[in-house]
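The structure under discussion appears below in the form of structure tokens.
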Amino acid sequence: MTAEQDARFRLDLANKLLVRAQDELARNNWREAAFFARGAIENAAKAIVACFGAIPRSHEPSALLTSVVDDPRFPTQLVATAQALSPRLLGYGMAEHLILSYGDERNHIDPWTLVTAQHADESVATATEILEFARTTVGAMLP
């Protein structure tokens, strides 16, 4: 698979997951909205990384984005936005994936109990923002 194919594949996955997250949010299914939004966030970050080479096996979108921002090929006009967005992605890594999948196993609290409307709203908003940024970045890298 070429870098362009991989990037476009990840953008397509992120878009489909975001659409699903938005649909679940509209249905007040908070856990599902947050779950699909987290997947969209991860795949959007991976779409950006794909422009620079192989995508590492990682569920940490912040680390993925940070790993390519210093690359001299990264579009200079997008560096400040990437640097501002990266810390916001810290909450959407493996720990969030585990919470959304299994809940709080230590205290036996399922994910549906843990995820609030605010959590779901914020997750979908972040997914929307990173996906738009990923589209812009991939477009700049692979016109």
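Chain labels follow the order of the structure tokens: the first chain is A, the next B, and so on; residue numbering restarts at 1 in every chain, and ligands are counted from 1 in their shown order.
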
Which residues, written as a ChimeraX atom specification, have at least one atom at most 9 Å from Leu18 in chain A, with only C-alpha atoms counted and residues fewer than 5 positions away on the same chain left out?
/A:13,23,33,36-41,124,127-128,131

Could you dump the residues just selected with N, CA and C atoms as a short mmCIF file (atom, residue, chain, number, x, y, z; two decimals), in the first residue's frame?
data_model
loop_
_atom_site.label_atom_id
_atom_site.label_comp_id
_atom_site.auth_asym_id
_atom_site.auth_seq_id
_atom_site.Cartn_x
_atom_site.Cartn_y
_atom_site.Cartn_z
N LEU A 13 -11.77 5.61 7.14
CA LEU A 13 -12.15 4.97 8.41
C LEU A 13 -12.57 6.02 9.43
N ASP A 23 -24.15 9.95 14.91
CA ASP A 23 -25.46 9.28 14.94
C ASP A 23 -25.78 8.79 16.35
N ALA A 33 -21.18 6.82 21.30
CA ALA A 33 -20.68 8.04 20.65
C ALA A 33 -19.21 8.26 20.99
N PHE A 36 -16.93 5.44 19.27
CA PHE A 36 -16.68 5.64 17.85
C PHE A 36 -15.87 6.92 17.60
N ALA A 37 -16.08 7.94 18.40
CA ALA A 37 -15.29 9.17 18.26
C ALA A 37 -13.82 8.89 18.55
N ARG A 38 -13.53 8.09 19.58
CA ARG A 38 -12.14 7.75 19.89
C ARG A 38 -11.49 7.04 18.71
N GLY A 39 -12.21 6.14 18.09
CA GLY A 39 -11.68 5.46 16.90
C GLY A 39 -11.42 6.42 15.75
N ALA A 40 -12.31 7.39 15.58
CA ALA A 40 -12.12 8.41 14.54
C ALA A 40 -10.88 9.23 14.82
N ILE A 41 -10.68 9.59 16.08
CA ILE A 41 -9.51 10.38 16.48
C ILE A 41 -8.22 9.60 16.16
N VAL A 124 -16.86 13.73 20.45
CA VAL A 124 -17.30 13.96 19.07
C VAL A 124 -16.74 15.28 18.54
N ALA A 127 -13.09 14.69 17.75
CA ALA A 127 -12.98 13.87 16.55
C ALA A 127 -13.25 14.70 15.29
N THR A 128 -14.22 15.57 15.36
CA THR A 128 -14.54 16.44 14.23
C THR A 128 -13.35 17.34 13.90
N LEU A 131 -10.25 15.27 12.58
CA LEU A 131 -10.50 14.76 11.23
C LEU A 131 -10.36 15.89 10.20
#

Would you give me, as JSON lines, each residue of range 90-118 of chain A having an atom within 12 Å of an atom of range 56-63 of chain A, along with its shortest atom pair and that distance in Å to one decimal, using only C-alpha atoms and sorting by chain and residue number?
{"residue": "A:Leu90", "atom": "CA", "partner": "A:Ser62", "partner_atom": "CA", "distance": 5.3}
{"residue": "A:Gly91", "atom": "CA", "partner": "A:Ser62", "partner_atom": "CA", "distance": 8.5}
{"residue": "A:Tyr92", "atom": "CA", "partner": "A:Pro61", "partner_atom": "CA", "distance": 6.9}
{"residue": "A:Gly93", "atom": "CA", "partner": "A:Glu60", "partner_atom": "CA", "distance": 4.3}
{"residue": "A:Met94", "atom": "CA", "partner": "A:His59", "partner_atom": "CA", "distance": 5.4}
{"residue": "A:Ala95", "atom": "CA", "partner": "A:His59", "partner_atom": "CA", "distance": 9.1}
{"residue": "A:Glu96", "atom": "CA", "partner": "A:His59", "partner_atom": "CA", "distance": 9.6}
{"residue": "A:His97", "atom": "CA", "partner": "A:His59", "partner_atom": "CA", "distance": 8.1}
{"residue": "A:Leu98", "atom": "CA", "partner": "A:His59", "partner_atom": "CA", "distance": 10.6}

re CA of Leu114 in chain A and CA of Ala21 in chain A: distance 16.9 Å

Could you work out how far CA of Glu32 in chain A lies from CA of Ile99 in chain A, giving the answer in Å with one decimal?
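So the answer is 11.9 Å.
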
So, with only C-alpha atoms as the atoms that count, which of A:Val68, A:Leu78, A:Leu142, A:Ala120 lies closest to Arg27 in chain A?
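Once distances to Arg27 in chain A are computed over only C-alpha atoms, the minimum belongs to A:Ala120.
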